$ cat final_25.txt   # compact mmCIF, C-alpha atoms and all ligand atoms
# COMPACT_ATOMS: atom_id res chain seq x y z
CA MET A 6 9.20 30.81 -14.17
CA LYS A 7 7.30 27.76 -15.46
CA LEU A 8 8.99 24.44 -14.75
CA ALA A 9 7.97 20.91 -15.78
CA VAL A 10 9.14 17.73 -14.07
CA VAL A 11 8.44 14.66 -16.21
CA GLY A 12 8.35 11.41 -14.23
CA ALA A 13 7.21 11.18 -10.61
CA GLY A 14 9.63 8.53 -9.34
CA ILE A 15 12.05 9.35 -6.53
CA ALA A 16 14.15 11.64 -8.77
CA GLY A 17 11.15 13.58 -10.10
CA ARG A 18 9.28 13.87 -6.79
CA MET A 19 12.30 14.94 -4.80
CA LEU A 20 13.30 17.48 -7.43
CA ALA A 21 9.75 18.87 -7.72
CA TRP A 22 9.58 19.15 -3.92
CA ARG A 23 12.84 21.07 -3.62
CA LEU A 24 11.86 23.33 -6.55
CA SER A 25 8.44 24.00 -5.04
CA LYS A 26 10.11 24.97 -1.75
CA LEU A 27 11.92 27.68 -3.71
CA SER A 28 8.76 28.82 -5.49
CA GLU A 29 8.05 31.79 -3.20
CA GLN A 30 11.62 33.05 -3.41
CA PHE A 31 12.04 32.60 -7.17
CA GLY A 32 8.46 32.49 -8.44
CA TYR A 33 8.64 28.91 -9.74
CA GLU A 34 5.43 27.21 -10.91
CA VAL A 35 5.99 23.46 -10.98
CA THR A 36 3.98 21.03 -13.15
CA ILE A 37 4.51 17.27 -12.78
CA PHE A 38 3.76 14.84 -15.61
CA ASP A 39 3.48 11.08 -15.22
CA LYS A 40 2.10 8.32 -17.40
CA GLU A 41 0.57 6.63 -14.33
CA ASP A 42 -2.11 7.81 -11.94
CA CYS A 43 -0.62 10.08 -9.24
CA ASN A 44 -1.65 7.53 -6.56
CA SER A 45 -0.36 4.44 -8.36
CA GLN A 46 2.69 2.56 -7.04
CA GLU A 47 3.94 1.35 -10.43
CA ALA A 48 7.17 3.39 -10.50
CA CYS A 49 10.44 1.59 -9.80
CA SER A 50 10.86 3.85 -6.78
CA PHE A 51 8.09 1.99 -4.93
CA ALA A 52 9.99 -1.32 -5.25
CA PRO A 53 13.17 -0.89 -3.22
CA ALA A 54 14.10 -2.32 0.10
CA GLY A 55 15.34 1.16 0.94
CA ILE A 56 18.94 0.28 1.75
CA LEU A 57 21.12 3.34 2.16
CA SER A 58 24.58 1.89 1.82
CA PRO A 59 27.27 4.04 0.25
CA LEU A 60 29.97 1.72 1.58
CA ALA A 61 28.65 -1.69 0.59
CA GLU A 62 27.84 -0.35 -2.88
CA LEU A 63 31.54 0.48 -3.27
CA GLU A 64 32.35 -3.17 -3.86
CA MET A 65 30.72 -3.01 -7.29
CA ALA A 66 30.62 0.74 -7.90
CA GLU A 67 33.00 3.64 -8.36
CA THR A 68 33.97 5.99 -5.53
CA THR A 69 31.60 8.64 -6.98
CA ILE A 70 28.73 6.53 -5.68
CA PHE A 71 30.30 6.45 -2.23
CA GLU A 72 30.78 10.24 -2.25
CA LEU A 73 27.27 10.99 -3.51
CA GLY A 74 25.85 8.41 -1.11
CA ASN A 75 27.65 9.99 1.84
CA ARG A 76 26.28 13.38 0.86
CA SER A 77 22.76 11.91 0.76
CA MET A 78 23.28 10.39 4.21
CA LYS A 79 23.90 13.93 5.50
CA LEU A 80 20.93 15.41 3.62
CA TYR A 81 18.35 12.72 4.48
CA PRO A 82 18.00 13.48 8.23
CA GLN A 83 17.66 17.23 7.48
CA TRP A 84 15.24 16.86 4.59
CA LEU A 85 13.06 14.27 6.33
CA LYS A 86 12.47 16.76 9.15
CA GLU A 87 10.98 19.15 6.58
CA LEU A 88 8.31 16.64 5.51
CA SER A 89 4.95 16.87 7.25
CA GLN A 90 4.50 13.06 7.13
CA LYS A 91 6.93 10.97 9.21
CA VAL A 92 9.05 8.53 7.19
CA PHE A 93 10.72 5.43 8.68
CA PHE A 94 14.50 6.03 8.57
CA ARG A 95 17.26 4.59 10.69
CA GLN A 96 21.02 4.46 10.66
CA LEU A 97 22.07 1.52 12.81
CA GLY A 98 24.90 0.37 10.57
CA SER A 99 24.88 -2.91 8.65
CA LEU A 100 26.47 -6.35 8.79
CA VAL A 101 28.26 -8.17 6.00
CA THR A 102 28.84 -11.84 6.58
CA ALA A 103 29.27 -15.24 4.90
CA HIS A 104 28.99 -18.92 5.74
CA LYS A 105 32.25 -20.60 6.79
CA ASN A 106 32.79 -22.17 3.34
CA ASP A 107 32.36 -18.79 1.64
CA ARG A 108 34.75 -16.78 3.84
CA VAL A 109 36.82 -16.00 0.77
CA GLU A 110 33.88 -13.92 -0.55
CA LEU A 111 33.81 -11.89 2.65
CA GLN A 112 37.56 -11.36 2.53
CA HIS A 113 37.28 -10.31 -1.12
CA PHE A 114 34.60 -7.74 -0.20
CA TYR A 115 36.81 -6.35 2.58
CA ASN A 116 39.88 -6.20 0.31
CA VAL A 117 38.00 -4.30 -2.39
CA ILE A 118 36.63 -1.75 0.09
CA LYS A 119 40.08 -1.30 1.67
CA ARG A 120 41.64 -0.75 -1.75
CA LYS A 121 39.03 1.79 -2.83
CA LEU A 122 38.83 3.66 0.46
CA LYS A 123 42.00 4.83 2.19
CA ASN A 124 40.26 5.57 5.51
CA CYS A 125 38.25 2.35 5.37
CA ASP A 126 38.93 1.61 9.07
CA GLU A 127 36.83 4.64 10.05
CA TYR A 128 33.76 2.94 8.61
CA VAL A 129 34.37 -0.82 8.55
CA ARG A 130 35.19 -3.01 11.55
CA PRO A 131 35.71 -6.80 11.58
CA ILE A 132 33.52 -8.25 14.33
CA SER A 133 32.05 -11.41 15.75
CA ILE A 134 28.49 -11.34 14.50
CA ILE A 135 27.22 -12.16 18.00
CA GLU A 136 28.32 -8.65 19.10
CA LYS A 137 25.47 -7.21 17.06
CA GLU A 138 23.02 -10.05 16.39
CA ALA A 139 22.67 -12.88 18.90
CA GLU A 140 20.46 -14.97 16.60
CA LEU A 141 23.08 -14.98 13.81
CA GLU A 142 25.82 -16.39 16.07
CA MET A 143 26.43 -19.43 13.86
CA LEU A 144 27.72 -17.18 11.07
CA GLY A 145 30.76 -16.43 13.23
CA GLU A 146 32.63 -13.53 11.72
CA GLY A 147 31.60 -10.54 9.75
CA LEU A 148 32.09 -6.84 9.10
CA PHE A 149 30.22 -3.98 10.70
CA LEU A 150 29.64 -0.99 8.43
CA SER A 151 28.86 1.72 10.92
CA THR A 152 27.27 4.48 8.80
CA GLU A 153 24.78 2.49 6.73
CA GLY A 154 21.08 3.07 7.03
CA GLN A 155 17.66 2.30 5.66
CA ILE A 156 14.47 4.11 4.75
CA ASP A 157 10.93 3.14 3.78
CA PRO A 158 10.69 4.12 0.08
CA ILE A 159 6.88 3.74 -0.07
CA GLY A 160 6.55 6.04 2.95
CA LEU A 161 8.99 8.48 1.38
CA MET A 162 7.22 8.51 -2.00
CA THR A 163 3.87 9.02 -0.26
CA ALA A 164 5.20 11.81 1.95
CA LEU A 165 6.72 13.58 -1.07
CA LYS A 166 3.41 13.34 -2.94
CA GLN A 167 1.72 15.07 0.00
CA GLU A 168 4.25 17.93 -0.13
CA LEU A 169 3.45 18.45 -3.81
CA SER A 170 -0.17 19.44 -3.35
CA ASP A 171 0.56 22.99 -4.59
CA CYS A 172 2.08 21.70 -7.84
CA LYS A 173 -0.03 20.95 -10.87
CA TRP A 174 -0.17 17.20 -11.59
CA ILE A 175 -0.86 16.00 -15.09
CA ASP A 176 -1.10 12.26 -14.51
CA ASN A 177 -2.26 9.34 -16.67
CA CYS A 178 -0.44 11.22 -19.39
CA LEU A 179 2.22 9.60 -21.56
CA VAL A 180 4.86 12.11 -22.60
CA THR A 181 5.76 11.22 -26.17
CA GLU A 182 8.62 13.68 -26.62
CA LEU A 183 10.39 16.34 -24.65
CA ASN A 184 12.74 19.12 -25.63
CA ALA A 185 14.16 22.27 -24.07
CA GLY A 186 11.10 24.17 -22.83
CA GLU A 187 8.58 21.77 -24.38
CA VAL A 188 6.62 18.68 -23.32
CA LYS A 189 4.68 16.77 -25.99
CA THR A 190 1.89 14.39 -25.03
CA GLU A 191 -0.76 12.44 -26.94
CA GLU A 192 -3.23 15.25 -26.11
CA GLY A 193 -1.03 18.15 -27.21
CA SER A 194 2.09 20.06 -26.29
CA TYR A 195 2.92 22.37 -23.39
CA ASN A 196 5.53 25.12 -23.14
CA PHE A 197 7.73 25.80 -20.13
CA ASP A 198 10.88 27.76 -19.30
CA TRP A 199 12.60 24.57 -18.21
CA VAL A 200 11.79 20.87 -18.51
CA PHE A 201 13.37 18.27 -16.20
CA ASP A 202 13.37 14.72 -17.54
CA CYS A 203 13.15 12.16 -14.69
CA ARG A 204 11.47 9.32 -16.60
CA GLY A 205 13.83 6.52 -15.54
CA VAL A 206 13.70 3.68 -18.07
CA GLY A 207 10.95 5.66 -19.88
CA ALA A 208 13.64 8.01 -21.27
CA LYS A 209 15.35 5.30 -23.31
CA ASN A 210 14.57 6.96 -26.65
CA ASP A 211 16.77 9.88 -25.56
CA LEU A 212 19.46 8.19 -23.45
CA PRO A 213 21.37 4.88 -23.81
CA LEU A 214 19.45 3.32 -20.94
CA ARG A 215 18.91 -0.34 -20.15
CA ALA A 216 16.55 -1.94 -17.68
CA VAL A 217 17.89 -4.19 -14.92
CA ARG A 218 15.22 -6.39 -13.40
CA GLY A 219 15.13 -6.73 -9.62
CA GLU A 220 13.03 -9.09 -7.48
CA LEU A 221 12.38 -8.77 -3.77
CA LEU A 222 10.32 -10.76 -1.27
CA TRP A 223 8.58 -9.46 1.84
CA LEU A 224 8.46 -12.00 4.67
CA GLU A 225 6.62 -11.95 7.96
CA ALA A 226 8.80 -13.94 10.35
CA PRO A 227 7.72 -13.94 14.02
CA ASP A 228 10.50 -16.45 14.85
CA VAL A 229 13.27 -14.13 13.66
CA ASN A 230 14.70 -11.25 15.67
CA ILE A 231 17.31 -9.41 13.66
CA GLU A 232 17.76 -5.67 13.98
CA HIS A 233 20.57 -4.91 11.54
CA LEU A 234 20.48 -4.89 7.80
CA THR A 235 22.48 -8.01 6.94
CA ARG A 236 24.22 -8.94 3.70
CA LEU A 237 25.24 -12.49 2.96
CA MET A 238 28.23 -12.91 0.63
CA HIS A 239 27.93 -15.97 -1.56
CA PRO A 240 29.68 -17.02 -4.79
CA ARG A 241 26.38 -17.22 -6.72
CA TYR A 242 23.54 -15.52 -4.98
CA ARG A 243 24.16 -12.72 -2.60
CA ILE A 244 21.26 -11.51 -0.59
CA TYR A 245 20.42 -8.83 1.87
CA ILE A 246 17.90 -9.05 4.68
CA VAL A 247 16.32 -5.77 5.65
CA PRO A 248 14.49 -5.79 9.00
CA ARG A 249 11.40 -3.63 9.29
CA PRO A 250 9.16 -3.14 12.35
CA ASN A 251 6.71 -5.92 13.36
CA ASN A 252 8.88 -8.88 12.27
CA ILE A 253 8.79 -7.94 8.60
CA TYR A 254 11.94 -8.76 6.62
CA LEU A 255 12.65 -7.79 3.02
CA VAL A 256 14.86 -10.28 1.22
CA GLY A 257 16.44 -9.27 -2.05
CA ALA A 258 17.36 -8.53 -4.58
CA THR A 259 18.08 -10.22 -7.85
CA GLU A 260 19.82 -8.37 -10.65
CA ILE A 261 18.91 -9.59 -14.12
CA GLU A 262 19.79 -7.78 -17.35
CA SER A 263 16.29 -7.69 -18.81
CA GLU A 264 13.35 -5.34 -19.25
CA ASP A 265 10.99 -7.93 -17.82
CA PHE A 266 8.24 -6.82 -15.44
CA SER A 267 6.62 -10.29 -15.14
CA PRO A 268 6.14 -11.83 -11.65
CA VAL A 269 9.03 -13.21 -9.56
CA SER A 270 10.40 -16.45 -11.02
CA VAL A 271 10.60 -19.78 -9.18
CA ARG A 272 14.40 -19.79 -9.55
CA SER A 273 14.75 -16.36 -7.96
CA SER A 274 12.33 -17.24 -5.15
CA LEU A 275 14.28 -20.43 -4.41
CA GLU A 276 17.59 -18.60 -4.36
CA LEU A 277 16.40 -15.72 -2.19
CA LEU A 278 14.49 -17.93 0.23
CA SER A 279 17.08 -20.67 0.61
CA ALA A 280 19.78 -18.08 1.24
CA ALA A 281 17.55 -16.40 3.88
CA TYR A 282 16.80 -19.80 5.46
CA SER A 283 20.51 -20.59 5.57
CA VAL A 284 21.07 -17.43 7.62
CA HIS A 285 18.28 -18.10 10.12
CA LYS A 286 16.15 -21.24 10.42
CA GLY A 287 13.29 -19.07 11.73
CA PHE A 288 12.60 -18.03 8.14
CA GLY A 289 11.32 -21.58 7.55
CA GLU A 290 7.98 -20.72 9.13
CA ALA A 291 7.84 -17.18 7.71
CA ARG A 292 4.97 -16.13 5.45
CA ILE A 293 5.64 -14.57 2.04
CA ILE A 294 3.41 -11.52 2.24
CA LYS A 295 4.44 -9.73 -0.91
CA SER A 296 6.68 -10.17 -3.95
CA VAL A 297 7.98 -7.20 -5.86
CA VAL A 298 9.40 -6.83 -9.36
CA ASN A 299 10.62 -3.74 -11.14
CA CYS A 300 13.37 -2.54 -13.48
CA ARG A 301 16.20 -0.23 -12.50
CA PRO A 302 17.23 2.45 -15.02
CA ALA A 303 20.94 2.00 -15.83
CA LEU A 304 23.36 3.78 -18.18
CA PRO A 305 26.30 1.96 -19.84
CA ASP A 306 28.77 3.05 -17.12
CA ASN A 307 26.24 2.28 -14.34
CA LEU A 308 26.74 5.83 -13.06
CA PRO A 309 24.01 8.41 -12.47
CA LEU A 310 23.57 11.28 -14.89
CA VAL A 311 22.79 14.90 -14.03
CA GLN A 312 22.76 16.96 -17.19
CA LEU A 313 21.56 20.53 -17.68
CA GLU A 314 21.55 22.57 -20.86
CA LYS A 315 19.50 25.68 -21.45
CA GLY A 316 15.85 24.77 -20.89
CA LEU A 317 16.37 21.02 -20.37
CA GLY A 318 17.60 19.08 -17.36
CA ARG A 319 17.92 15.33 -16.90
CA ILE A 320 18.40 13.08 -13.88
CA ASN A 321 18.72 9.42 -14.76
CA GLY A 322 20.77 6.22 -14.51
CA LEU A 323 19.96 5.80 -10.80
CA TYR A 324 20.44 2.05 -11.24
CA ARG A 325 20.64 0.09 -7.98
CA HIS A 326 21.08 3.08 -5.67
CA GLY A 327 18.36 5.57 -6.64
CA ILE A 328 16.90 5.97 -3.17
CA LEU A 329 20.37 6.42 -1.72
CA LEU A 330 21.53 8.93 -4.33
CA ALA A 331 18.37 10.99 -4.88
CA PRO A 332 19.05 13.80 -2.35
CA ALA A 333 22.64 14.32 -3.54
CA LEU A 334 21.62 14.27 -7.23
CA VAL A 335 18.74 16.68 -6.66
CA GLU A 336 21.06 19.01 -4.75
CA LYS A 337 23.55 18.84 -7.62
CA THR A 338 20.78 19.59 -10.14
CA LEU A 339 19.55 22.60 -8.18
CA THR A 340 23.07 24.01 -7.81
CA SER A 341 23.71 23.75 -11.57
CA PHE A 342 20.24 25.12 -12.35
CA GLN A 343 20.77 28.13 -10.10
CA ALA A 344 24.20 28.76 -11.61
CA ILE A 345 22.73 28.77 -15.15
CA ILE A 346 19.90 31.11 -14.13
CA ASP A 347 22.32 33.48 -12.35
CA ASN A 348 24.61 33.43 -15.36
CA GLU A 349 21.74 34.28 -17.70
CA LYS A 350 20.70 37.20 -15.46
CA HIS A 351 24.28 38.44 -15.32
CA TYR A 352 24.56 38.19 -19.11
CA ALA A 353 21.20 39.99 -19.62
CA ILE A 354 22.22 42.86 -17.29
CA ASN A 355 25.63 43.27 -18.92
CA SER A 356 24.61 43.02 -22.56
C1 LIG B 401 13.96 -4.76 -6.44
C2 LIG B 401 14.67 -3.43 -6.35
C3 LIG B 401 15.33 -3.10 -5.16
C4 LIG B 401 15.99 -1.87 -5.07
N1 LIG B 401 16.58 -1.56 -3.87
C5 LIG B 401 17.17 -0.34 -3.72
C6 LIG B 401 17.68 0.03 -2.45
O1 LIG B 401 17.59 -0.73 -1.49
N2 LIG B 401 18.27 1.24 -2.34
C7 LIG B 401 18.37 2.12 -3.39
O2 LIG B 401 18.94 3.22 -3.23
N3 LIG B 401 17.85 1.79 -4.61
C8 LIG B 401 17.26 0.59 -4.80
N4 LIG B 401 16.71 0.24 -6.02
C9 LIG B 401 16.90 1.15 -7.15
C10 LIG B 401 15.87 2.28 -7.18
O3 LIG B 401 14.58 1.73 -7.02
C11 LIG B 401 15.95 3.04 -8.53
O4 LIG B 401 17.26 3.48 -8.74
C12 LIG B 401 15.03 4.27 -8.52
O5 LIG B 401 13.73 3.93 -8.10
C13 LIG B 401 14.94 4.94 -9.89
O6 LIG B 401 14.17 6.11 -9.71
P1 LIG B 401 13.74 7.05 -10.92
O7 LIG B 401 13.01 8.19 -10.31
O8 LIG B 401 14.93 7.35 -11.76
O9 LIG B 401 12.80 6.14 -11.83
P2 LIG B 401 11.29 5.60 -11.59
O10 LIG B 401 11.01 5.33 -10.16
O11 LIG B 401 11.12 4.50 -12.57
O12 LIG B 401 10.38 6.82 -12.02
C14 LIG B 401 10.18 7.18 -13.37
C15 LIG B 401 8.79 7.78 -13.48
O13 LIG B 401 8.64 8.27 -14.82
C16 LIG B 401 7.36 7.90 -15.31
N5 LIG B 401 7.46 7.82 -16.77
C17 LIG B 401 8.27 7.02 -17.51
N6 LIG B 401 8.09 7.25 -18.81
C18 LIG B 401 7.18 8.23 -18.93
C19 LIG B 401 6.59 8.92 -20.02
N7 LIG B 401 6.94 8.65 -21.29
N8 LIG B 401 5.66 9.86 -19.77
C20 LIG B 401 5.29 10.18 -18.49
N9 LIG B 401 5.84 9.56 -17.41
C21 LIG B 401 6.77 8.61 -17.62
C22 LIG B 401 7.08 6.56 -14.66
O14 LIG B 401 5.68 6.28 -14.61
C23 LIG B 401 7.68 6.77 -13.27
O15 LIG B 401 6.72 7.30 -12.36
C24 LIG B 401 16.04 -0.96 -6.16
C25 LIG B 401 15.36 -1.31 -7.34
C26 LIG B 401 14.69 -2.52 -7.44
C27 LIG B 401 13.97 -2.85 -8.71

$ encode --input "final_25.txt" --output "C-alpha cells"
Amino acid sequence: MKLAVVGAGIAGRMLAWRLSKLSEQFGYEVTIFDKEDCNSQEACSFAPAGILSPLAELEMAETTIFELGNRSMKLYPQWLKELSQKVFFRQLGSLVTAHKNDRVELQHFYNVIKRKLKNCDEYVRPISIIEKEAELEMLGEGLFLSTEGQIDPIGLMTALKQELSDCKWIDNCLVTELNAGEVKTEEGSYNFDWVFDCRGVGAKNDLPLRAVRGELLWLEAPDVNIEHLTRLMHPRYRIYIVPRPNNIYLVGATEIESEDFSPVSVRSSLELLSAAYSVHKGFGEARIIKSVVNCRPALPDNLPLVQLEKGLGRINGLYRHGILLAPALVEKTLTSFQAIIDNEKHYAINS
C-alpha cells in the first residue's frame, strides 16, 4: 500500500515513523513530502521548549487536552526506547509559582485546575518552593505538579529523521494541492492509496487554521541552579523557565495572534527577560545564546484535529501543545486508519 505523509513536522515525522514500523507487517511504502530541505530546522516543531504538561495546559484548555496529554506521557517513555538515537526526556514534575503581589493569579490557576479535575489532589500539591528549589526560596509558596515532564524537540525531530531512512523523502517540494490518494506539486502529481496531511499552518487553504506567533529565548546562566520546570503566574506576562543540562535555560513563550515569522521583538524580550530576572537575580549575568520565533497551527476551537476519510487523513491544530500531544494523536490516527482498512477488507470479502 502506497502512503504519503505531507509535512515533516512532529505530526508528520511521528506518523511516518509509526507507519514505517508497520511496513513489513502490512506492506506499507511511505513517502514524505516537505517544502523545506529534509535537514532544515524551519518547521514549528524545532521551536518548542519541549514542555510536556497536560496539567498546566488545563488552565486554558479543555479536558481533552489533559486526557490526550496523559496518554502521550505513557507513550513517550515506550516510544523513545524504540529510537536508535537517545533523546533528552525527563519527568521530574513542575512548579507553578507567583510573586507575593500576584498570589491571586496562583490561586486562580489552582481553582481552575481543581474545578476541571475531580482528582486534582493526586497530581497537584501546594508546597513551599524551597522544598524543591533552594534558589527560588524568595517566591515562598507554589504548586508542585508531579507528573509533568520535558523533552528536547530538536533531538526528537533529529532522531525521528534518522528512523525514516527507509522512507522516500521528497523535500524542497511545495505541495500545491492534496486530495484523497493524490499529491500535487509544482513539478507534477503523484498517486497514493492514502495521503496524510500534516502541513501545520501550511494547510490553511483546506482548514480554518490561524497562526499563533511564539517567541522563546535560550539563556546560558552559570549563576542559576534550577532543576524543575518553573512557571511564573503574572497578570500580564506569564513565563516558564525550562532548565536544560549545562546551565541552559529556555524562557518563553509569548503568544501573539499573528502569522509573523520576523525576529523576536524588543517588547517580548523585555517581558520575558525581566520576568526571568524577577525569579532569579542570577539571570542578570546570563548570556542570550539563541532567540526563536515560529507560528503554532491553531483551529478556531484551539483543539487538535484527527480526521480520516477514505484515502485522506489529516492531523492538525496542534497549537501550543504539539510536542505533548503528538504520540496520542498519531496513535489515534493509526487506530482509525486500521479500522477503515479492516472494514474495507471485510466489505470486499463479503460483497
Ligand atoms: C515558541 C514555541 C514554543 C512552543 N512550546 C511548546 C512546548 O513546550 N510543548 C509543546 O507540546 N508544544 C509547544 N509548541 C507548539 C508546537 O511547536 C506545535 O504545536 C507543533 O510543532 C506543530 O507541529 P506540526 O507538525 O503540526 O507543524 P509543523 O512543525 O509546522 O510542521 C509542518 C511541516 O509541513 C511542511 N509544510 C507546510 N506546508 C507545506 C506544503 N505546502 N508543502 C510541503 N510541505 C509543507 C512544513 O515545512 C513543516 O515541515 C511551541 C510552539 C512555539 C512556536

$ closest_residue --input "final_25.txt" --among "A:Val11, A:Leu179, A:Cys43, A:Leu20" --to "A:Thr163" --atoms "all atoms listed in the file"
A:Cys43

$ closest_residue --input "final_25.txt" --among "A:Ile253, A:Ala21, A:Leu277, A:Leu161" --to "A:Lys91" --atoms "all atoms listed in the file"
A:Leu161

$ closest_residue --input "final_25.txt" --among "A:Leu304, A:Leu310, A:Leu275, A:Leu224" --to "A:Phe288" --atoms "only C-alpha atoms"
A:Leu224

$ residues_around --input "final_25.txt" --residues "A:Arg241" --least-positions-apart "5" --cutoff "12 Å" --atoms "all atoms listed in the file" --output "ChimeraX atom specification"
/A:107,110,259-260,273,276-277,280

$ residues_around --input "final_25.txt" --residues "A:Asp176" --least-positions-apart "5" --cutoff "12 Å" --atoms "only C-alpha atoms" --output "mmCIF file with C-alpha atoms, in the frame of the given file"
data_model
loop_
_atom_site.group_PDB
_atom_site.id
_atom_site.type_symbol
_atom_site.label_atom_id
_atom_site.label_comp_id
_atom_site.auth_asym_id
_atom_site.auth_seq_id
_atom_site.Cartn_x
_atom_site.Cartn_y
_atom_site.Cartn_z
ATOM 1 C CA VAL A 10 9.140 17.730 -14.070
ATOM 2 C CA VAL A 11 8.440 14.660 -16.210
ATOM 3 C CA GLY A 12 8.350 11.410 -14.230
ATOM 4 C CA ALA A 13 7.210 11.180 -10.610
ATOM 5 C CA THR A 36 3.980 21.030 -13.150
ATOM 6 C CA ILE A 37 4.510 17.270 -12.780
ATOM 7 C CA PHE A 38 3.760 14.840 -15.610
ATOM 8 C CA ASP A 39 3.480 11.080 -15.220
ATOM 9 C CA LYS A 40 2.100 8.320 -17.400
ATOM 10 C CA GLU A 41 0.570 6.630 -14.330
ATOM 11 C CA ASP A 42 -2.110 7.810 -11.940
ATOM 12 C CA CYS A 43 -0.620 10.080 -9.240
ATOM 13 C CA ASN A 44 -1.650 7.530 -6.560
ATOM 14 C CA SER A 45 -0.360 4.440 -8.360
ATOM 15 C CA THR A 190 1.890 14.390 -25.030
#

$ closest_residue --input "final_25.txt" --among "A:Gln155, A:Ala48, A:Ala333, A:Ile346" --to "A:Trp199" --atoms "all atoms listed in the file"
A:Ile346

$ closest_residue --input "final_25.txt" --among "A:Ile159, A:Val109, A:Val92, A:Leu122" --to "ligand LIG 401 (chain B)" --atoms "all atoms listed in the file"
A:Ile159
